[in-house]
file structure.txt (compact mmCIF, C-alpha atoms)
# COMPACT_ATOMS: atom_id res chain seq x y z
CA MET P 22 208.23 11.58 -17.46
CA ALA P 23 204.90 9.95 -16.63
CA PRO P 24 203.56 7.66 -19.28
CA ARG P 25 200.79 9.00 -21.46
CA PRO P 26 197.31 7.62 -20.64
CA VAL P 27 195.98 5.15 -23.08
CA VAL P 28 192.33 5.72 -24.15
CA ARG P 29 190.49 2.47 -24.51
CA PRO P 30 187.28 2.30 -26.55
CA ALA P 31 184.03 1.92 -24.54
CA ALA P 32 182.45 -1.47 -24.64
CA VAL P 33 179.41 -1.57 -26.90
CA GLU P 34 176.48 -3.42 -25.49
CA ASP P 35 175.31 -6.39 -27.41
CA GLU P 36 172.05 -6.25 -29.22
CA VAL P 37 169.19 -6.71 -26.79
CA ALA P 38 165.95 -8.43 -27.73
CA GLY P 39 162.98 -6.86 -26.02
CA VAL P 40 160.13 -4.42 -26.24
CA PRO P 41 161.11 -1.49 -28.45
CA CYS P 42 161.01 2.02 -27.07
CA PRO P 43 157.78 3.81 -28.07
CA SER P 44 159.84 6.95 -28.74
CA CYS P 45 163.03 5.88 -30.56
CA GLY P 46 162.44 2.18 -31.25
CA THR P 47 165.54 0.92 -29.38
CA PRO P 48 165.09 -2.59 -27.91
CA ASN P 49 165.28 -2.73 -24.13
CA GLN P 50 165.39 -5.46 -21.58
CA PRO P 51 162.00 -6.29 -20.04
CA GLU P 52 162.96 -5.14 -16.54
CA ARG P 53 164.02 -1.65 -17.66
CA ARG P 54 161.68 1.25 -16.88
CA PHE P 55 163.35 3.82 -19.15
CA CYS P 56 164.92 3.55 -22.60
CA ARG P 57 168.67 3.00 -22.53
CA ARG P 58 169.12 5.42 -25.41
CA CYS P 59 166.61 8.27 -25.04
CA ALA P 60 165.41 7.70 -21.44
CA ALA P 61 161.77 7.75 -22.49
CA PRO P 62 159.36 5.86 -20.21
CA LEU P 63 158.84 2.32 -21.42
CA HIS P 64 155.67 1.44 -19.45
CA THR P 65 153.05 4.07 -20.17
CA THR P 66 149.68 4.08 -18.39
CA ALA P 67 146.87 2.67 -20.50
CA LYS P 68 144.12 5.09 -21.45
CA PRO P 69 140.86 4.50 -19.56
CA ASP P 70 137.85 3.19 -21.45
CA PRO P 71 135.45 5.87 -22.67
CA LEU P 72 132.62 6.64 -20.26
CA PRO P 73 129.02 5.74 -21.15
CA TRP P 74 126.88 8.75 -22.04
CA TRP P 75 124.88 8.69 -18.81
CA ARG P 76 128.13 8.99 -16.80
CA THR P 77 128.69 12.39 -18.38
CA VAL P 78 125.36 13.74 -17.01
CA TRP P 79 125.16 15.39 -13.61
CA PRO P 80 125.36 13.98 -10.93
CA PHE P 81 127.15 11.02 -12.57
CA ARG P 82 129.60 13.20 -14.52
CA ARG P 83 133.26 12.41 -13.95
CA ARG P 84 134.86 14.09 -16.94
CA VAL P 85 133.79 15.84 -20.12
CA ARG P 86 135.27 14.67 -23.37
CA ALA P 87 135.52 16.63 -26.60
CA ARG P 88 132.96 15.73 -29.28
CA SER P 89 131.11 13.51 -26.80
CA GLY P 90 127.62 14.16 -28.24
CA ARG P 91 126.49 16.42 -25.41
CA GLY P 92 123.83 18.08 -27.56
CA VAL P 93 122.26 14.78 -28.58
CA ARG P 94 122.24 13.55 -24.99
CA PHE P 95 120.62 16.77 -23.82
CA LEU P 96 117.82 16.36 -26.36
CA VAL P 97 117.31 12.73 -25.30
CA ILE P 98 117.12 13.70 -21.61
CA LEU P 99 114.75 16.55 -22.41
CA ALA P 100 112.48 14.18 -24.37
CA VAL P 101 112.48 11.64 -21.51
CA VAL P 102 111.61 14.31 -18.92
CA ALA P 103 108.81 15.68 -21.13
CA GLY P 104 107.46 12.16 -21.61
CA LEU P 105 107.48 11.48 -17.87
CA CYS P 106 105.68 14.75 -17.15
CA THR P 107 103.06 14.04 -19.82
CA GLY P 108 102.56 10.49 -18.55
CA GLY P 109 102.20 11.75 -14.98
CA VAL P 110 99.50 14.22 -16.00
CA LEU P 111 97.62 11.61 -18.05
CA LEU P 112 97.91 8.87 -15.43
CA LEU P 113 97.17 11.07 -12.42
CA PRO P 114 93.38 10.39 -12.38
CA ALA P 115 93.96 6.64 -12.75
CA GLY P 116 96.62 6.69 -10.03
CA ARG P 117 94.41 8.65 -7.68
CA ALA P 118 91.49 6.28 -8.34
CA LEU P 119 93.70 3.28 -7.58
CA TYR P 120 94.91 4.91 -4.36
CA GLU P 121 91.36 5.70 -3.20
CA ASP P 122 90.16 2.19 -4.11
CA THR P 123 92.97 0.67 -2.06
CA ARG P 124 91.99 2.80 0.94
CA ASP P 125 88.38 1.66 0.50
CA LYS P 126 89.41 -1.99 0.64
CA LEU P 127 91.62 -1.48 3.70
CA GLY P 128 88.97 0.44 5.62
CA LYS P 129 85.88 -0.84 7.43
CA PRO P 130 82.74 0.77 5.91
CA THR P 131 80.43 2.51 8.35
CA PRO P 132 76.76 3.36 7.70
CA VAL P 133 75.68 6.91 6.96
CA SER P 134 72.08 8.15 7.06
CA PRO P 135 70.48 10.83 4.86
CA VAL P 136 68.84 13.87 6.40
CA LYS P 137 66.23 14.36 3.68
CA ILE P 138 64.23 12.02 1.42
CA ARG P 139 62.09 13.02 -1.56
CA ALA P 140 60.25 10.70 -3.95
CA SER P 141 58.45 11.35 -7.21
CA ALA P 142 55.41 9.34 -6.05
CA GLU P 143 54.26 7.16 -3.14
CA VAL P 144 51.59 4.51 -2.79
CA PRO P 145 49.39 5.28 0.26
CA GLY P 146 50.67 3.45 3.29
CA HIS P 147 54.12 2.87 1.81
CA PRO P 148 56.13 6.11 2.08
CA ALA P 149 59.68 6.59 0.82
CA THR P 150 60.97 6.85 4.40
CA ASN P 151 60.41 3.08 4.75
CA THR P 152 63.61 2.55 2.76
CA ILE P 153 65.78 3.80 5.65
CA ASP P 154 63.83 2.63 8.70
CA GLY P 155 66.02 -0.46 9.22
CA LEU P 156 63.09 -2.86 8.69
CA ASN P 157 63.15 -5.16 5.68
CA ASN P 158 59.43 -6.04 5.90
CA ARG P 159 58.27 -2.48 5.09
CA TYR P 160 58.82 -0.87 1.71
CA TRP P 161 58.44 2.19 -0.47
CA GLY P 162 55.62 1.70 -2.95
CA ALA P 163 55.92 3.35 -6.39
CA PRO P 164 52.99 3.29 -8.82
CA GLY P 165 55.07 2.43 -11.87
CA PRO P 166 58.45 2.55 -13.62
CA SER P 167 60.56 5.74 -13.86
CA ALA P 168 59.65 6.60 -10.27
CA TRP P 169 62.61 8.04 -8.40
CA ILE P 170 63.72 8.66 -4.83
CA THR P 171 66.39 11.16 -3.76
CA TYR P 172 68.50 11.02 -0.59
CA THR P 173 70.28 14.17 0.65
CA PHE P 174 73.10 14.02 3.20
CA ARG P 175 74.28 16.48 5.82
CA LYS P 176 77.90 16.71 4.62
CA PRO P 177 79.96 15.24 1.75
CA PHE P 178 81.36 11.75 2.26
CA ARG P 179 83.13 8.95 0.40
CA LEU P 180 80.45 6.49 -0.79
CA VAL P 181 82.04 3.02 -0.92
CA ASP P 182 78.98 0.73 -0.91
CA LEU P 183 75.23 0.56 -1.37
CA ALA P 184 73.09 -2.22 0.10
CA ILE P 185 69.73 -2.58 -1.66
CA THR P 186 66.93 -4.88 -0.48
CA ASN P 187 64.54 -5.15 -3.42
CA GLY P 188 60.85 -6.07 -3.29
CA ALA P 189 58.33 -5.95 -0.47
CA SER P 190 60.22 -8.16 2.03
CA VAL P 191 63.07 -10.62 2.48
CA ASP P 192 60.45 -13.34 2.94
CA ALA P 193 60.09 -15.21 -0.35
CA GLU P 194 56.28 -15.42 -0.24
CA THR P 195 55.77 -11.75 0.65
CA TYR P 196 58.44 -10.74 -1.87
CA ALA P 197 56.35 -12.12 -4.75
CA HIS P 198 53.22 -10.20 -3.72
CA GLN P 199 54.42 -6.95 -5.30
CA ALA P 200 56.30 -5.97 -8.45
CA ARG P 201 60.05 -5.34 -8.41
CA ALA P 202 62.45 -3.21 -10.44
CA LEU P 203 65.21 -5.32 -11.96
CA GLN P 204 67.25 -2.28 -12.95
CA ILE P 205 67.98 0.93 -11.05
CA ASP P 206 69.60 4.06 -12.45
CA LEU P 207 71.99 5.51 -9.86
CA GLU P 208 72.74 9.23 -10.07
CA VAL P 209 75.26 10.59 -7.55
CA THR P 210 75.79 14.33 -7.08
CA THR P 211 79.05 15.55 -5.54
CA SER P 212 79.91 18.75 -3.69
CA ASP P 213 81.29 20.36 -6.86
CA SER P 214 77.93 19.76 -8.64
CA GLY P 215 79.39 16.85 -10.58
CA LYS P 216 77.18 13.95 -11.70
CA HIS P 217 78.02 10.24 -11.70
CA HIS P 218 75.60 7.92 -13.53
CA THR P 219 75.55 4.15 -13.06
CA SER P 220 73.12 1.43 -14.09
CA ILE P 221 72.54 -1.32 -11.50
CA THR P 222 71.06 -4.70 -12.46
CA LEU P 223 69.39 -6.47 -9.53
CA GLY P 224 68.63 -10.14 -9.19
CA ASP P 225 64.94 -11.06 -8.93
CA LYS P 226 65.22 -12.63 -5.49
CA PRO P 227 64.65 -11.52 -1.90
CA GLY P 228 67.52 -10.33 0.23
CA CYS P 229 70.22 -7.71 0.29
CA GLN P 230 72.30 -6.95 -2.79
CA GLN P 231 75.57 -5.04 -2.53
CA VAL P 232 76.79 -2.39 -4.98
CA SER P 233 80.39 -1.12 -4.74
CA THR P 234 80.79 2.48 -5.89
CA GLY P 235 83.85 4.40 -4.67
CA ILE P 236 82.72 8.02 -5.23
CA SER P 237 84.10 10.92 -3.19
CA ASP P 238 82.39 14.07 -1.88
CA VAL P 239 78.85 12.70 -2.27
CA THR P 240 76.05 15.08 -1.26
CA SER P 241 72.93 13.45 -2.74
CA ILE P 242 71.89 10.16 -4.40
CA ARG P 243 68.93 9.51 -6.71
CA LEU P 244 67.60 6.04 -7.53
CA THR P 245 65.27 5.63 -10.54
CA LEU P 246 63.33 2.38 -10.91
CA ARG P 247 63.53 0.64 -14.31
CA SER P 248 62.63 -2.72 -15.92
CA PRO P 249 59.71 -3.72 -13.69
CA THR P 250 58.65 -7.36 -13.33
CA GLY P 251 55.34 -8.63 -11.96
CA LEU P 252 53.67 -5.24 -12.45
CA ASP P 253 49.92 -5.21 -13.15
CA PRO P 254 46.99 -2.93 -12.28
CA GLU P 255 46.67 -4.55 -8.86
CA ARG P 256 50.39 -4.39 -7.98
CA HIS P 257 52.97 -1.66 -7.57
CA LEU P 258 56.78 -1.51 -7.44
CA ALA P 259 58.29 -2.19 -4.02
CA LEU P 260 61.72 -1.23 -2.65
CA ALA P 261 62.26 -2.42 0.93
CA GLU P 262 65.57 -0.99 2.11
CA VAL P 263 68.52 1.13 0.91
CA GLU P 264 71.66 1.44 3.05
CA PHE P 265 74.66 3.71 2.44
CA PHE P 266 78.21 3.05 3.64
CA GLN P 267 81.10 5.48 3.87
CA ARG P 268 84.81 4.84 4.35
CA GLY P 269 85.70 4.13 7.94
CA SER P 270 88.83 3.24 9.89
CA ALA P 271 91.43 0.80 8.57
CA GLY P 272 90.93 -2.90 9.17
CA GLY P 273 87.81 -4.97 9.53
CA ALA P 274 85.39 -6.61 7.16
CA ARG P 275 84.37 -5.25 3.78
CA MET P 276 80.73 -4.87 4.80
CA ALA P 277 79.46 -4.15 8.30
CA ARG P 278 75.82 -5.19 8.21
CA SER P 279 73.52 -7.02 10.54
CA GLY P 280 70.97 -9.53 9.35
CA ASP P 281 71.02 -11.24 5.96
CA GLU P 282 74.21 -11.46 3.98
CA CYS P 283 74.67 -9.10 1.04
CA VAL P 284 75.44 -10.50 -2.41
CA PRO P 285 77.11 -8.39 -5.12
CA ALA P 286 74.83 -6.80 -7.71
CA HIS P 287 75.87 -6.16 -11.30
CA ARG P 288 76.87 -2.54 -11.95
CA ALA P 289 77.54 -0.97 -15.33
CA GLY P 290 79.13 2.44 -15.79

call {"tool": "encode", "arguments": {"input": "structure.txt", "output": "C-alpha cells"}}
result
Amino acid sequence: MAPRPVVRPAAVEDEVAGVPCPSCGTPNQPERRFCRRCAAPLHTTAKPDPLPWWRTVWPFRRRVRARSGRGVRFLVILAVVAGLCTGGVLLLPAGRALYEDTRDKLGKPTPVSPVKIRASAEVPGHPATNTIDGLNNRYWGAPGPSAWITYTFRKPFRLVDLAITNGASVDAETYAHQARALQIDLEVTTSDSGKHHTSITLGDKPGCQQVSTGISDVTSIRLTLRSPTGLDPERHLALAEVEFFQRGSAGGARMARSGDECVPAHRAG
C-alpha cells in the first residue's frame, strides 16, 4: 500500500514592519501595492486641493462641489457686475471728454469762418466785421462794457481753440490809444440748443491770446466785454481780431496761425 501523505503546516510569515493597511491595519512591506491579508490597495491617490471660488464660475468651472457657497459667490458676482455698470454710466461723460480731448491734441486745428455777425453796438467807423477781416490793425469799437458780439456758423463743428487779439492793434503805442476789456464772457450754443458759459481773463498787452475750449457741435458763439480798462468819455472798447479753430486732420502743430505767436489766456468754467 502507498504511504499516507503527511500534511505539513504552512510556514507563517514573520512579522513585517511597514506601512499598515488603511483597511485592516496589517503591516506590509514598502514595495507591496496590495495588502497581503485583505488585498486592499496600499497607495491611494491623494485628494486634490479644493478649487478657489472663481474656478467654480463659468468659464473657469472644472467641477462643482457640495456646499461650496455657490449662492454667496453669485451674490458677489452680481454686486460686482452692478458696480461696473453703474461706474460705466457715471464715468461715461468723463471718458468721452477725455477721448475727445485726446483727438483734439492729436489733430491739427484748421480755421473756420462765421457766416453772420451781429453786435449790440458799434462805434462809427469800427464795425464788428473788423474782428474777422484778418487785419490786426483794425478793430470793433464798442461804446462801453456789457457790449456783445455774436458769430453764427454755417454748420456745427468741434471748437478746439479761440485766438483773441485784444485792443486796437498789435502795435504797443496804438494799443494804448483805446480802452480794452480784460475779461470776456464766452457763451457757446450747440446744435441741440445747449449753452456753455466760460469766463476768459485776458492780459492787458498787445498780441494774440489763445483760449482752448473743446466743445462739440458749435453753431454760434457770443462774446460779452467785461472789466474795461482805460475807458473814459473820449475812448471806447476795442477788439481787434477773433479767430476760430476746428479739429482738423491728425498730426501737425497745436495752433496753425500766421503772424504773431499766440499765448494762452486764463479761462475759468

call {"tool": "residues_around", "arguments": {"input": "structure.txt", "residues": "Leu180 in chain P", "least_positions_apart": "4", "cutoff": "12 Å", "atoms": "all atoms listed in the file", "output": "PDB file with C-alpha atoms, in the frame of the given file"}}
result
ATOM      1  CA  GLU P 121      91.360   5.700  -3.200  1.00  0.00           C
ATOM      2  CA  ASP P 122      90.160   2.190  -4.110  1.00  0.00           C
ATOM      3  CA  ASP P 125      88.380   1.660   0.500  1.00  0.00           C
ATOM      4  CA  PRO P 130      82.740   0.770   5.910  1.00  0.00           C
ATOM      5  CA  THR P 131      80.430   2.510   8.350  1.00  0.00           C
ATOM      6  CA  PRO P 132      76.760   3.360   7.700  1.00  0.00           C
ATOM      7  CA  VAL P 133      75.680   6.910   6.960  1.00  0.00           C
ATOM      8  CA  SER P 134      72.080   8.150   7.060  1.00  0.00           C
ATOM      9  CA  PHE P 174      73.100  14.020   3.200  1.00  0.00           C
ATOM     10  CA  LYS P 176      77.900  16.710   4.620  1.00  0.00           C
ATOM     11  CA  ALA P 184      73.090  -2.220   0.100  1.00  0.00           C
ATOM     12  CA  VAL P 209      75.260  10.590  -7.550  1.00  0.00           C
ATOM     13  CA  THR P 210      75.790  14.330  -7.080  1.00  0.00           C
ATOM     14  CA  THR P 211      79.050  15.550  -5.540  1.00  0.00           C
ATOM     15  CA  HIS P 217      78.020  10.240 -11.700  1.00  0.00           C
ATOM     16  CA  VAL P 232      76.790  -2.390  -4.980  1.00  0.00           C
ATOM     17  CA  SER P 233      80.390  -1.120  -4.740  1.00  0.00           C
ATOM     18  CA  THR P 234      80.790   2.480  -5.890  1.00  0.00           C
ATOM     19  CA  GLY P 235      83.850   4.400  -4.670  1.00  0.00           C
ATOM     20  CA  ILE P 236      82.720   8.020  -5.230  1.00  0.00           C
ATOM     21  CA  SER P 237      84.100  10.920  -3.190  1.00  0.00           C
ATOM     22  CA  ASP P 238      82.390  14.070  -1.880  1.00  0.00           C
ATOM     23  CA  VAL P 239      78.850  12.700  -2.270  1.00  0.00           C
ATOM     24  CA  THR P 240      76.050  15.080  -1.260  1.00  0.00           C
ATOM     25  CA  SER P 241      72.930  13.450  -2.740  1.00  0.00           C
ATOM     26  CA  ILE P 242      71.890  10.160  -4.400  1.00  0.00           C
ATOM     27  CA  GLU P 264      71.660   1.440   3.050  1.00  0.00           C
ATOM     28  CA  PHE P 265      74.660   3.710   2.440  1.00  0.00           C
ATOM     29  CA  PHE P 266      78.210   3.050   3.640  1.00  0.00           C
ATOM     30  CA  GLN P 267      81.100   5.480   3.870  1.00  0.00           C
ATOM     31  CA  ARG P 268      84.810   4.840   4.350  1.00  0.00           C
ATOM     32  CA  GLY P 269      85.700   4.130   7.940  1.00  0.00           C
TER      33      GLY P 269
END

call {"tool": "atom_distance", "arguments": {"input": "structure.txt", "atom1": "CA of Gln231 in chain P", "atom2": "CA of Pro148 in chain P"}}
result
22.9 Å

call {"tool": "atom_distance", "arguments": {"input": "structure.txt", "atom1": "CA of Cys42 in chain P", "atom2": "CA of Pro69 in chain P"}}
result
21.6 Å

call {"tool": "closest_residue", "arguments": {"input": "structure.txt", "among": "P:Thr171, P:Arg179, P:Asn151, P:Glu208", "to": "Leu260 in chain P", "atoms": "only C-alpha atoms"}}
result
P:Asn151

call {"tool": "residues_near_point", "arguments": {"input": "structure.txt", "point": "(56.8, -4.2, -2.0)", "cutoff": "9 Å", "atoms": "all atoms listed in the file", "output": "list in words"}}
result
His147, Asn158, Arg159, Tyr160, Trp161, Gly162, Ala163, Asn187, Gly188, Ala189, Ser190, Thr195, Tyr196, Ala197, His198, Gln199, Ala200, Arg201, Arg256, His257, Leu258, Ala259, Leu260 and Ala261 of chain P

call {"tool": "atom_distance", "arguments": {"input": "structure.txt", "atom1": "CA of Val191 in chain P", "atom2": "CA of Cys229 in chain P"}}
result
8.0 Å

call {"tool": "closest_residue", "arguments": {"input": "structure.txt", "among": "P:Ala23, P:Ala60, P:Leu244, P:Ala38", "to": "Ala149 in chain P", "atoms": "all atoms listed in the file"}}
result
P:Leu244

call {"tool": "residues_near_point", "arguments": {"input": "structure.txt", "point": "(69.2, 0.5, -1.9)", "cutoff": "7 Å", "atoms": "only C-alpha atoms", "output": "list in words"}}
result
Leu183, Ala184, Ile185, Thr186, Glu262, Val263 and Glu264 of chain P

call {"tool": "residues_around", "arguments": {"input": "structure.txt", "residues": "Arg243 in chain P", "least_positions_apart": "4", "cutoff": "10 Å", "atoms": "all atoms listed in the file", "output": "NGL selection string"}}
result
:P and (138-140 or 169-173 or 205-210 or 218)

call {"tool": "closest_residue", "arguments": {"input": "structure.txt", "among": "P:Arg53, P:Leu156, P:Trp74, P:Arg25", "to": "Val97 in chain P", "atoms": "all atoms listed in the file"}}
result
P:Trp74

call {"tool": "closest_residue", "arguments": {"input": "structure.txt", "among": "P:Val40, P:Ala202, P:Leu246, P:Leu127", "to": "Asp225 in chain P", "atoms": "all atoms listed in the file"}}
result
P:Ala202

call {"tool": "closest_residue", "arguments": {"input": "structure.txt", "among": "P:Ala286, P:Val144, P:Val27, P:Ile153", "to": "Asp182 in chain P", "atoms": "only C-alpha atoms"}}
result
P:Ala286

call {"tool": "closest_residue", "arguments": {"input": "structure.txt", "among": "P:Pro73, P:Gly224, P:Pro145, P:Gly128", "to": "Cys283 in chain P", "atoms": "only C-alpha atoms"}}
result
P:Gly224
